Number of protein chains: 4
Amino acid sequence: MEQNESPKLIDKTLSNLRRAWAGLVGAAKLKGTSNIQPALPEDDLERVRRQIEDCLEGRGGEVSGRARVADLGQTYLILNAQGRKAFLELLAHRYGVDNEALARAVADWSRAYQGLQEGNSDWQLPLHEAETAMRDTLTPPRVRLLAQFNTLPQGVKFLVDMRADLLALFHARDPVMKGFDEDFKRLLASWFDVGFLELRCITWDAPASLLEKLARYEAVHAIKSWNDIKNRLAPDRRCYAFFHPQMPDEPLIYIWVALVRGMADNVQALLDVKAPTDNPAEADAAIFYSISNAQKGLASISFGNSLIKRVVADLAKDFKKIRIYATLSPIPGFCRWLVEQIAEQGDDLLLPGELRSLSTLAPDLTGVKALSSLLEQKSWYKKPPVEEAMRAPLLRLCARYLTQAKRGKYALDRVAHFHLSNGARMERINWLGDTSTKGMRESFGMMINYLYKMAEIESNHEGYRGAGKIKISSSLEALLKI
Amino acid sequence: MEQNESPKLIDKTLSNLRRAWAGLVGAAKLKGTSNIQPALPEDDLERVRRQIEDCLEGRGGEVSGRARVADLGQTYLILNAQGRKAFLELLAHRYGVDNEALARAVADWSRAYQGLQEGNSDWQLPLHEAETAMRDTLTPPRVRLLAQFNTLPQGVKFLVDMRADLLALFHARDPVMKGFDEDFKRLLASWFDVGFLELRCITWDAPASLLEKLARYEAVHAIKSWNDIKNRLAPDRRCYAFFHPQMPDEPLIYIWVALVRGMADNVQALLDVKAPTDNPAEADAAIFYSISNAQKGLASISFGNSLIKRVVADLAKDFKKIRIYATLSPIPGFCRWLVEQIAEQGDDLLLPGELRSLSTLAPDLTGVKALSSLLEQKSWYKKPPVEEAMRAPLLRLCARYLTQAKRGKYALDRVAHFHLSNGARMERINWLGDTSTKGMRESFGMMINYLYKMAEIESNHEGYRGAGKIKISSSLEALLKI
Amino acid sequence: MEQNESPKLIDKTLSNLRRAWAGLVGAAKLKGTSNIQPALPEDDLERVRRQIEDCLEGRGGEVSGRARVADLGQTYLILNAQGRKAFLELLAHRYGVDNEALARAVADWSRAYQGLQEGNSDWQLPLHEAETAMRDTLTPPRVRLLAQFNTLPQGVKFLVDMRADLLALFHARDPVMKGFDEDFKRLLASWFDVGFLELRCITWDAPASLLEKLARYEAVHAIKSWNDIKNRLAPDRRCYAFFHPQMPDEPLIYIWVALVRGMADNVQALLDVKAPTDNPAEADAAIFYSISNAQKGLASISFGNSLIKRVVADLAKDFKKIRIYATLSPIPGFCRWLVEQIAEQGDDLLLPGELRSLSTLAPDLTGVKALSSLLEQKSWYKKPPVEEAMRAPLLRLCARYLTQAKRGKYALDRVAHFHLSNGARMERINWLGDTSTKGMRESFGMMINYLYKMAEIESNHEGYRGAGKIKISSSLEALLKI
Amino acid sequence: MEQNESPKLIDKTLSNLRRAWAGLVGAAKLKGTSNIQPALPEDDLERVRRQIEDCLEGRGGEVSGRARVADLGQTYLILNAQGRKAFLELLAHRYGVDNEALARAVADWSRAYQGLQEGNSDWQLPLHEAETAMRDTLTPPRVRLLAQFNTLPQGVKFLVDMRADLLALFHARDPVMKGFDEDFKRLLASWFDVGFLELRCITWDAPASLLEKLARYEAVHAIKSWNDIKNRLAPDRRCYAFFHPQMPDEPLIYIWVALVRGMADNVQALLDVKAPTDNPAEADAAIFYSISNAQKGLASISFGNSLIKRVVADLAKDFKKIRIYATLSPIPGFCRWLVEQIAEQGDDLLLPGELRSLSTLAPDLTGVKALSSLLEQKSWYKKPPVEEAMRAPLLRLCARYLTQAKRGKYALDRVAHFHLSNGARMERINWLGDTSTKGMRESFGMMINYLYKMAEIESNHEGYRGAGKIKISSSLEALLKI
């Protein structure tokens, strides 16, 4: 770097931060660093470009290479959103696949392939070389650059967070950024292969810092307090998570299990901090009542399937009396679907008997209008006559939603799709199984148990994956026959 | 056990609990066990007596011996307070030193000693045998019984908790129970020798269950929330604790340290969860602002001295810039002492100038009456004139209290006594250093820094321990000369 | 220390070694330190005396106290045998129980006891105080000094080794040194209480340094090579050891187990490095074929009993098919006993049939003379006719030796005594079970299986401990009836 | 599988081995399994083909998929060399890149690229899709199959060993197998990225099983005994190794270091088990005297560069006095080169003075003939006049070999090439630095120190990598100027 040019913002910042790299990634910020977030003006962008090329050319062997990558990472970390956007765009646009080079490799390959087709085996080697050239070209510089970060302490977490930025800062339909994200995802997917993950059972003896993360990332039933966490880790509860060896303090995905007697039908009861703790050795059912992804930067890299299977295996080893492995799951799309159905079908949606019950409760309104109006009342479910009248039509319609509303050949409801893909079956819809605000808003308080029956998982999985066939219990069948 | 006698309460309980031993010690109680707490009626007491004798006689080798001890421990654990009192009394009264046997050994020894004095070396062996007999007799059966518990999982914790019961259930002056407690303490002290303890630095990555205990046992500045704990474990804070290998999840004693610039003078500032985190590498002072014992059952077995010394050594290794090792300590006995002084000395306690200032603030009252009246006002310290008038006399009197109020030759204030015994010196009284309710109630908000200066620790310690000499700073000297 | 006095040998040595403390205890010696081993002349002894008194008086608080103890320990470590002898004699003679003080306490106690006997309860407190004084006096300064070493790194190992020196350097009948050793043993026994020990299963993945120790300390069947160790740790073999938390790298006692089919009858077969490895899951017998104490300094502090019981429990957990827990043990005292019997009883020792067989083999000699002569031949057991003729008389006499040769009411054979005390029974004498030089020399190649049968361990133990009753199998009974 | 067909060899074997999977990989073989090694006849090959397709189609979800992969792995493990060859050929030939599909993707891409070149942005999406299709096609089924093994316990080690088989069983020039190996290597290289590796310092406290592997894999100076290993791990020696988290018991590459005073010039002296141990704190030089790859299956995936750099960093942290980081390396190609030079250049190779000296020693022969003849004498180096006469010419010629013998622009000697690529410089040739049979055979006993000087590593590396420039010391320069 020339000594006579006026030092830029990033330089000054970096000279202070060089040693703080590890502390910066995912850690509590120290006083005074949080505000230094330049927006990466044009001059600095040029400087970043030079840093990137130095990294790509690998000048000076490993040690200085590593220092250079660390510098580049620090540059990224101190940027604000605008600066990061510029940084990522630079990577995406300038360091993608070199189409001219690819065109040459493609032409070479086509020529050799043609030659071979004509029976000339001299083209064997050129074909192989062209194939290698294509493959190399298809791993663009931006991927090679990203891969260098894994030599840094916490470098993998850095990349996961960078991909989270990428997903947050750009529109999913921007074709160049989408291509970059596909590259990014492919790299992370190869590192986060499920074979490399470690399953841990998390207890109240786990690090407080880890439990804090579980609370922060919980996506299904919000954690309200430390008391709430402690209760979810009581002797009759379990939490399991996947970890990656390079991110030992960061859960990737985690699942909460209640060990109870009988298939649970109400999540508020499960989460009640005042309920007594049961003896887990007496449980005959393991209820999975929440599963959450913890890393936004690993979006669409799937672990949930493996997680459930491995947790079942672990529980089966420890608890000989458990006969039932089932979820207690939300039905996130039911309300939205029902609103659409009401708009489309009107009163045809309801059976004569249902129409009659409704008319007695809401004398001014009839049919689906009465239905809508009643459901808009606050705490309608606490009023026995209303609750009574809602029960039959909503259960019936929910069963229809779950089994007949489709996206292509698969279930429309994303939670249903997840568990059906895993080989579970739909076992029971639970009336007022979740009366939280969220539960009422999503599914008028209904929840569903998906049952994991070892003997049928494989055939359920094949049936659903192939033909979209949904396995249901006789109780759901009965609801559908009404 | 005879099969035809009607089963007693304890038997029924035990048959359920036999396998649950480990789970019972110090662990969350399972549903349904907490209420089974018999009061140990006479019949059961007799049964307990038989259990004890079986243990003492060691029938049936180690394995069955261990089972028998576990049974006895379970018996104890399910008792309520009344039952435990009876159990401990039984141990104390029936299984203490056998004075008749001791009298015989003493007589034998005296005879042999006499013989030796008269020059007959044939008495050498009888003397040695009598000495051994005395020593054996002086280790009473109750001690041998207690020692057997250490073979059980969590047996050491069981004993520590049993001694806590002993201290809580009996009056300190009951001579038999006091003798039992001395035996008990001697046994625990030999196991909890400071050489066997492990020093651990506790961070936000420590088990949540451990942090929960730190919060529960905190004796100086109450911990209000998980946010509060997290703040006390920020990068510029430290917590150290001693652990015993047989109780790896139970802190014995712990100390909180703030790494700051300059000698801290206000504990609310140190504990402010909203204050920014400083870079610990820049700190020049380590401030010990709280030290708490966690195990009531280890009362009067001292570790605090060693803890501070080892923490200083550990910090000195990691933080080269630290020059000051000091406490920010409460002055728990000042208010009580001042009330007594006021009663004894009246206005003689105050200097003429102080009397004058007070008279301007409280026209109706004079002298110490004015002082008392003003100090009784809520939040007097927030009213500038009152605060101003209080400052000089209270600082002056506090310096007198700390240095001149004595119990024997030592400082009356127990915190002062602790640090002076360790070789610290009194460095600075901090006006309004702790304006919490407790701080105002104990010492009108004043706190004190005890300074640990490596070069003088040894001489301070010798001077204080020998002649009760208190090393003070020039600022305290100035206060005393007024 | 006066600066003008000429530095003594120890001073010079210490100034070099002060920092090397930890490295000196039980570790490989660095070049140049091994020869500095003064013999502790008079001047230096006086200096050691001053060091000891400084330690006992605890001057200067914990940190400098610890340094002082470390100095004293280093002094000891650099001494040669003569120097160590002088050091230990100093401790034993000068820092034992203060008999004058004890005489005073004894007199006080007697007076108070007398007073109490006469019904005057005012003597209660004086009695208690005298008891405390007696107890304190009975813990002599040398014990308090030794206890201080446990604050040093590896201090416990240092003490264990010091006691090994004590046992090696002095005659067991020296009364003062014996008293010192009893003190020493009592201190170590309280620290090495079996409840504090950790059982570890040792595999070929254990530290090489640990396996090296197992080989060095092996007392029963010498380990010849690393191949030999590896074979003893094959998948169908186990090794278990007890460790103390303060000596995590030092085994205290360890036992070797073979998992085989059927009760093993030959130790050479078990130790054959060329034999194939069996599938341990198919084993129905666990054979304990060697147990060794590793620490000479823990002599007569017993762990073996607990070790076998806990190993059985551990194996029972992992191997469901094991039905037989038995030893394959040497009979160390048989030959010696037989020689004595021959001298005493002559030909009466042999049955008529036995006499006849012998006469055919050794025409020149008759009776026990023939027996002795034949047994003196090298490799007699490889000559079929000799082996054949020896078999019946030796098995018969060995059964007599094991069951009828006594020391007091207990078995004379020390291995027999150990296992019988543990509750085992004598199951089977194995002809030519150990044809090593040692095996032939000790017991003419015979070995014995002691069987641990869970259901009878307790009654066997009680029967043996109480009345010296030895439980034997029907096959031994048959041998005794001949 | 049809139940009526007669079971094949593999089936029978598998039914026994299914549960033994983990035990089979890299572990000691149990009795009776080693001989079951079928050669994979045609029928079985067809069965294997079906297993592979089931794995690739991922039928039945994760759990059964994993079982299927385990089965396939077991099939492979029980095969003999001929069977494994057939298995690998099947994978290589049938599951490589699908050239027809690739041709289609290539055509699609070319069309879209053409369209874009002509300015029609509608081709953007088709281009992206074709790119993805190409990339997918370029990851052939055999790679996807191999990747599935990482979900098995020890699956990564299984793959590493499978690649070792691949390299051993096939000729490097077989084009299909070479293509397969490139795929294989690419997969392993992505998993064994140096960022995922863990550096461990190995001591005498390391597992015996690990030390056994170090001895077995040692490639430079053979390890003769456990004593030899222990000596190489003495306090003044270090061993460092890289490990992968999925193969925690398997070193990947390791390096031995001697901490000495001055740059070592003789490897026998370094390895002498009788030499005293030096105090490592006094060392001023760290000598790397051996570096070995442990996993044949990771051939040409390079870690050595990183290893040296990270070891230097670790040593620099612990040993403040070390000033010299250098190797003591063999010169494996010198003798071979010299023989060629002699054949090519004859006596021109020698200087007049050298010719004269030789003539005095071997009167019958002259020039290089005399040289060759003398060097063929056993232990010539122990005869002072011969050794004297050889010294000058061999040192001079060795310097020429090291600096002037090239393969392309790089050093011909592979050890030289390795260290020069890392940025080291040639420092000193050591006469008779390795007089072992191997040392004499490779380089007439000469060794060389490569010096790692931090300040010049980067420029040396750039100079060598770019222009093949070799940095040498003045002593080597002097040798070259003769």
# chains A, B, ... in the order shown; residues from 1 in each chain; ligands from 1

call {"tool": "residues_around", "arguments": {"residues": "segment 445-457 of chain B", "least_positions_apart": "4", "cutoff": "9 Å", "atoms": "only C-alpha atoms", "output": "JSON, numbers by chain"}}
result
{"B": [263, 264, 265, 266, 267, 287, 324, 325, 326, 327, 328, 329, 330, 331, 381, 394, 395, 398, 416, 419, 420, 422, 423, 424, 425, 426, 427, 428, 429, 430, 431, 432, 433, 434, 435, 436, 437, 438, 439, 440, 441, 461, 462], "C": [60, 61]}

call {"tool": "write_last_selection", "arguments": {"atoms": "C-alpha atoms", "output": "compact mmCIF listing (two decimals), in the first residue's frame"}}
result
# COMPACT_ATOMS: atom_id res chain seq x y z
CA MET B 263 -10.33 1.74 41.66
CA ALA B 264 -14.12 1.45 41.48
CA ASP B 265 -16.09 3.52 43.99
CA ASN B 266 -19.73 2.65 43.27
CA VAL B 267 -21.33 -0.75 43.05
CA ILE B 287 -12.21 -5.09 41.69
CA ILE B 324 -4.60 -2.64 41.35
CA TYR B 325 -6.20 -5.61 43.09
CA ALA B 326 -8.85 -4.31 45.43
CA THR B 327 -12.30 -5.02 46.74
CA LEU B 328 -15.36 -2.82 46.73
CA SER B 329 -16.84 -4.06 49.97
CA PRO B 330 -19.84 -3.41 52.17
CA ILE B 331 -19.43 -2.19 55.75
CA TYR B 381 -29.03 11.29 50.12
CA LEU B 394 -20.38 9.94 58.51
CA LEU B 395 -17.06 9.45 56.70
CA CYS B 398 -17.05 5.29 59.61
CA ALA B 416 -13.01 -5.92 57.52
CA HIS B 419 -9.79 -8.97 54.39
CA LEU B 420 -7.38 -7.75 57.06
CA ASN B 422 -5.88 -11.98 54.38
CA GLY B 423 -3.28 -9.21 54.42
CA ALA B 424 -5.24 -6.46 52.67
CA ARG B 425 -5.16 -2.85 53.75
CA MET B 426 -7.99 -0.33 54.12
CA GLU B 427 -7.63 1.98 51.18
CA ARG B 428 -10.61 4.29 50.66
CA ILE B 429 -14.10 4.85 52.03
CA ASN B 430 -16.52 5.61 49.18
CA TRP B 431 -19.33 8.01 49.90
CA LEU B 432 -22.63 6.73 48.50
CA GLY B 433 -20.93 3.72 46.97
CA ASP B 434 -24.02 1.55 47.47
CA THR B 435 -27.39 3.31 47.59
CA SER B 436 -29.44 0.13 47.52
CA THR B 437 -31.84 -0.42 50.39
CA LYS B 438 -29.39 -2.84 51.92
CA GLY B 439 -26.47 -0.47 51.44
CA MET B 440 -28.31 2.42 53.07
CA ARG B 441 -29.52 0.26 55.92
CA HIS B 461 -1.24 -10.44 57.62
CA GLU B 462 1.37 -11.02 60.31
CA GLY C 60 2.96 -15.14 56.09
CA GLY C 61 -0.35 -16.47 54.87

call {"tool": "interface_residues", "arguments": {"of": "chain D", "to": "chain A", "cutoff": "8 Å", "atoms": "only C-alpha atoms", "output": "PyMOL selection string"}}
result
chain D and resi 59-64+103+106+110+113+125+128+131+135+138+150-152+175+179+190-191+194-196+245-246+305-306+309+422-423+457-459+461-462

call {"tool": "residues_around", "arguments": {"residues": "Lys320 of chain B", "least_positions_apart": "4", "cutoff": "12 Å", "atoms": "only C-alpha atoms", "output": "compact mmCIF listing (two decimals) with C-alpha atoms, in the first residue's frame"}}
result
# COMPACT_ATOMS: atom_id res chain seq x y z
CA PRO B 280 -10.72 -6.02 29.53
CA ALA B 281 -7.25 -5.82 27.99
CA GLU B 282 -7.23 -2.12 28.85
CA ALA B 283 -8.17 -2.58 32.50
CA ASP B 284 -5.69 -1.54 35.18
CA ALA B 285 -7.76 -2.62 38.15
CA ALA B 286 -9.42 -5.85 39.25
CA VAL B 312 -5.19 -12.77 41.77
CA ALA B 313 -2.58 -15.20 40.45
CA ASP B 314 -4.85 -16.23 37.59
CA LEU B 315 -5.71 -12.66 36.60
CA ALA B 316 -2.09 -11.54 36.81
CA ILE B 324 -4.60 -2.64 41.35

call {"tool": "closest_residue", "arguments": {"among": "B:Asp272, B:Asp98, B:Glu442, B:Glu344", "to": "Ala234 of chain B", "atoms": "only C-alpha atoms"}}
result
B:Asp272

call {"tool": "select_by_dssp", "arguments": {"residues": "segment 105-323 of chain B", "states": "strand (DSSP E)", "output": "PDB file with N, CA and C atoms, in the first residue's frame"}}
result
ATOM      1  N   GLU B 198     -10.790 -27.314  43.185  1.00  0.00           N
ATOM      2  CA  GLU B 198     -10.478 -26.905  41.821  1.00  0.00           C
ATOM      3  C   GLU B 198     -11.024 -25.501  41.599  1.00  0.00           C
ATOM      4  N   LEU B 199     -10.172 -24.625  41.092  1.00  0.00           N
ATOM      5  CA  LEU B 199     -10.623 -23.259  40.783  1.00  0.00           C
ATOM      6  C   LEU B 199     -11.123 -23.221  39.352  1.00  0.00           C
ATOM      7  N   ARG B 200     -12.338 -22.720  39.151  1.00  0.00           N
ATOM      8  CA  ARG B 200     -12.844 -22.584  37.778  1.00  0.00           C
ATOM      9  C   ARG B 200     -13.273 -21.158  37.518  1.00  0.00           C
ATOM     10  N   CYS B 201     -12.998 -20.695  36.320  1.00  0.00           N
ATOM     11  CA  CYS B 201     -13.483 -19.387  35.892  1.00  0.00           C
ATOM     12  C   CYS B 201     -14.825 -19.617  35.207  1.00  0.00           C
ATOM     13  N   ILE B 202     -15.836 -18.962  35.689  1.00  0.00           N
ATOM     14  CA  ILE B 202     -17.197 -19.203  35.205  1.00  0.00           C
ATOM     15  C   ILE B 202     -17.593 -18.110  34.219  1.00  0.00           C
ATOM     16  N   ARG B 237     -15.926  -8.688  32.946  1.00  0.00           N
ATOM     17  CA  ARG B 237     -16.238  -9.190  34.278  1.00  0.00           C
ATOM     18  C   ARG B 237     -15.705 -10.614  34.388  1.00  0.00           C
ATOM     19  N   ARG B 238     -15.487 -11.063  35.608  1.00  0.00           N
ATOM     20  CA  ARG B 238     -15.068 -12.436  35.826  1.00  0.00           C
ATOM     21  C   ARG B 238     -15.791 -12.998  37.034  1.00  0.00           C
ATOM     22  N   CYS B 239     -15.990 -14.298  37.021  1.00  0.00           N
ATOM     23  CA  CYS B 239     -16.476 -14.976  38.217  1.00  0.00           C
ATOM     24  C   CYS B 239     -15.627 -16.219  38.408  1.00  0.00           C
ATOM     25  N   TYR B 240     -15.146 -16.425  39.608  1.00  0.00           N
ATOM     26  CA  TYR B 240     -14.339 -17.600  39.924  1.00  0.00           C
ATOM     27  C   TYR B 240     -14.994 -18.375  41.067  1.00  0.00           C
ATOM     28  N   ALA B 241     -14.889 -19.678  41.011  1.00  0.00           N
ATOM     29  CA  ALA B 241     -15.451 -20.484  42.095  1.00  0.00           C
ATOM     30  C   ALA B 241     -14.556 -21.667  42.385  1.00  0.00           C
ATOM     31  N   PHE B 242     -14.618 -22.120  43.625  1.00  0.00           N
ATOM     32  CA  PHE B 242     -13.982 -23.376  44.018  1.00  0.00           C
ATOM     33  C   PHE B 242     -14.999 -24.517  43.925  1.00  0.00           C
ATOM     34  N   PHE B 243     -14.523 -25.658  43.430  1.00  0.00           N
ATOM     35  CA  PHE B 243     -15.348 -26.869  43.365  1.00  0.00           C
ATOM     36  C   PHE B 243     -14.584 -28.024  43.998  1.00  0.00           C
ATOM     37  N   ILE B 253     -17.624 -21.744  47.008  1.00  0.00           N
ATOM     38  CA  ILE B 253     -17.514 -20.320  47.315  1.00  0.00           C
ATOM     39  C   ILE B 253     -17.183 -19.657  45.998  1.00  0.00           C
ATOM     40  N   TYR B 254     -17.673 -18.428  45.793  1.00  0.00           N
ATOM     41  CA  TYR B 254     -17.369 -17.779  44.524  1.00  0.00           C
ATOM     42  C   TYR B 254     -17.229 -16.281  44.693  1.00  0.00           C
ATOM     43  N   ILE B 255     -16.524 -15.717  43.752  1.00  0.00           N
ATOM     44  CA  ILE B 255     -16.180 -14.297  43.853  1.00  0.00           C
ATOM     45  C   ILE B 255     -16.396 -13.652  42.497  1.00  0.00           C
ATOM     46  N   TRP B 256     -16.886 -12.417  42.513  1.00  0.00           N
ATOM     47  CA  TRP B 256     -17.147 -11.681  41.284  1.00  0.00           C
ATOM     48  C   TRP B 256     -16.109 -10.573  41.138  1.00  0.00           C
ATOM     49  N   VAL B 257     -15.611 -10.408  39.937  1.00  0.00           N
ATOM     50  CA  VAL B 257     -14.548  -9.438  39.697  1.00  0.00           C
ATOM     51  C   VAL B 257     -14.947  -8.536  38.533  1.00  0.00           C
ATOM     52  N   ALA B 258     -14.691  -7.239  38.697  1.00  0.00           N
ATOM     53  CA  ALA B 258     -14.866  -6.305  37.581  1.00  0.00           C
ATOM     54  C   ALA B 258     -13.487  -5.848  37.134  1.00  0.00           C
ATOM     55  N   LEU B 259     -13.242  -5.885  35.830  1.00  0.00           N
ATOM     56  CA  LEU B 259     -11.972  -5.409  35.273  1.00  0.00           C
ATOM     57  C   LEU B 259     -12.212  -4.012  34.715  1.00  0.00           C
ATOM     58  N   VAL B 260     -11.677  -3.022  35.394  1.00  0.00           N
ATOM     59  CA  VAL B 260     -12.025  -1.622  35.071  1.00  0.00           C
ATOM     60  C   VAL B 260     -10.775  -0.751  35.052  1.00  0.00           C
ATOM     61  N   ALA B 285      -7.346  -2.253  36.808  1.00  0.00           N
ATOM     62  CA  ALA B 285      -7.762  -2.619  38.151  1.00  0.00           C
ATOM     63  C   ALA B 285      -8.701  -3.823  38.107  1.00  0.00           C
ATOM     64  N   ALA B 286      -8.491  -4.728  39.062  1.00  0.00           N
ATOM     65  CA  ALA B 286      -9.419  -5.847  39.246  1.00  0.00           C
ATOM     66  C   ALA B 286     -10.124  -5.613  40.570  1.00  0.00           C
ATOM     67  N   ILE B 287     -11.447  -5.421  40.483  1.00  0.00           N
ATOM     68  CA  ILE B 287     -12.213  -5.092  41.689  1.00  0.00           C
ATOM     69  C   ILE B 287     -13.069  -6.280  42.098  1.00  0.00           C
ATOM     70  N   PHE B 288     -12.798  -6.809  43.281  1.00  0.00           N
ATOM     71  CA  PHE B 288     -13.603  -7.895  43.842  1.00  0.00           C
ATOM     72  C   PHE B 288     -14.793  -7.269  44.539  1.00  0.00           C
ATOM     73  N   TYR B 289     -15.970  -7.444  43.969  1.00  0.00           N
ATOM     74  CA  TYR B 289     -17.094  -6.710  44.564  1.00  0.00           C
ATOM     75  C   TYR B 289     -18.096  -7.606  45.283  1.00  0.00           C
ATOM     76  N   SER B 290     -17.836  -8.918  45.296  1.00  0.00           N
ATOM     77  CA  SER B 290     -18.742  -9.782  46.048  1.00  0.00           C
ATOM     78  C   SER B 290     -18.103 -11.148  46.220  1.00  0.00           C
ATOM     79  N   ILE B 291     -18.259 -11.733  47.387  1.00  0.00           N
ATOM     80  CA  ILE B 291     -17.782 -13.092  47.644  1.00  0.00           C
ATOM     81  C   ILE B 291     -18.846 -13.793  48.476  1.00  0.00           C
ATOM     82  N   SER B 292     -19.260 -14.972  48.034  1.00  0.00           N
ATOM     83  CA  SER B 292     -20.362 -15.661  48.711  1.00  0.00           C
ATOM     84  C   SER B 292     -20.030 -17.124  48.944  1.00  0.00           C
ATOM     85  N   ASN B 293     -20.406 -17.608  50.119  1.00  0.00           N
ATOM     86  CA  ASN B 293     -20.355 -19.038  50.365  1.00  0.00           C
ATOM     87  C   ASN B 293     -21.630 -19.670  49.850  1.00  0.00           C
TER      88      ASN B 293
END

call {"tool": "select_by_dssp", "arguments": {"residues": "segment 28-217 of chain C", "states": "alpha helix (DSSP H)", "output": "number ranges by chain"}}
result
C: 42-57, 61-77, 81-94, 99-117, 124-137, 141-148, 155-169, 175-191, 208-217

call {"tool": "atom_distance", "arguments": {"atom1": "atom CA of Leu210 of chain C", "atom2": "atom CA of Asp205 of chain D"}}
result
7.3 Å

call {"tool": "closest_residue", "arguments": {"among": "C:Ala86, C:Leu166, C:Ala275, C:Ala362", "to": "Ala39 of chain C", "atoms": "only C-alpha atoms"}}
result
C:Ala86

call {"tool": "atom_distance", "arguments": {"atom1": "atom CA of Ile482 of chain A", "atom2": "atom CA of Leu371 of chain A"}}
result
18.7 Å

call {"tool": "atom_distance", "arguments": {"atom1": "atom CA of Leu72 of chain C", "atom2": "atom CA of Glu42 of chain C"}}
result
16.4 Å

call {"tool": "residues_around", "arguments": {"residues": "Leu361 of chain C", "least_positions_apart": "2", "cutoff": "12 Å", "atoms": "only C-alpha atoms", "output": "ChimeraX atom specification"}}
result
/C:354-359,363-367,369-371,373-375,380,383-390
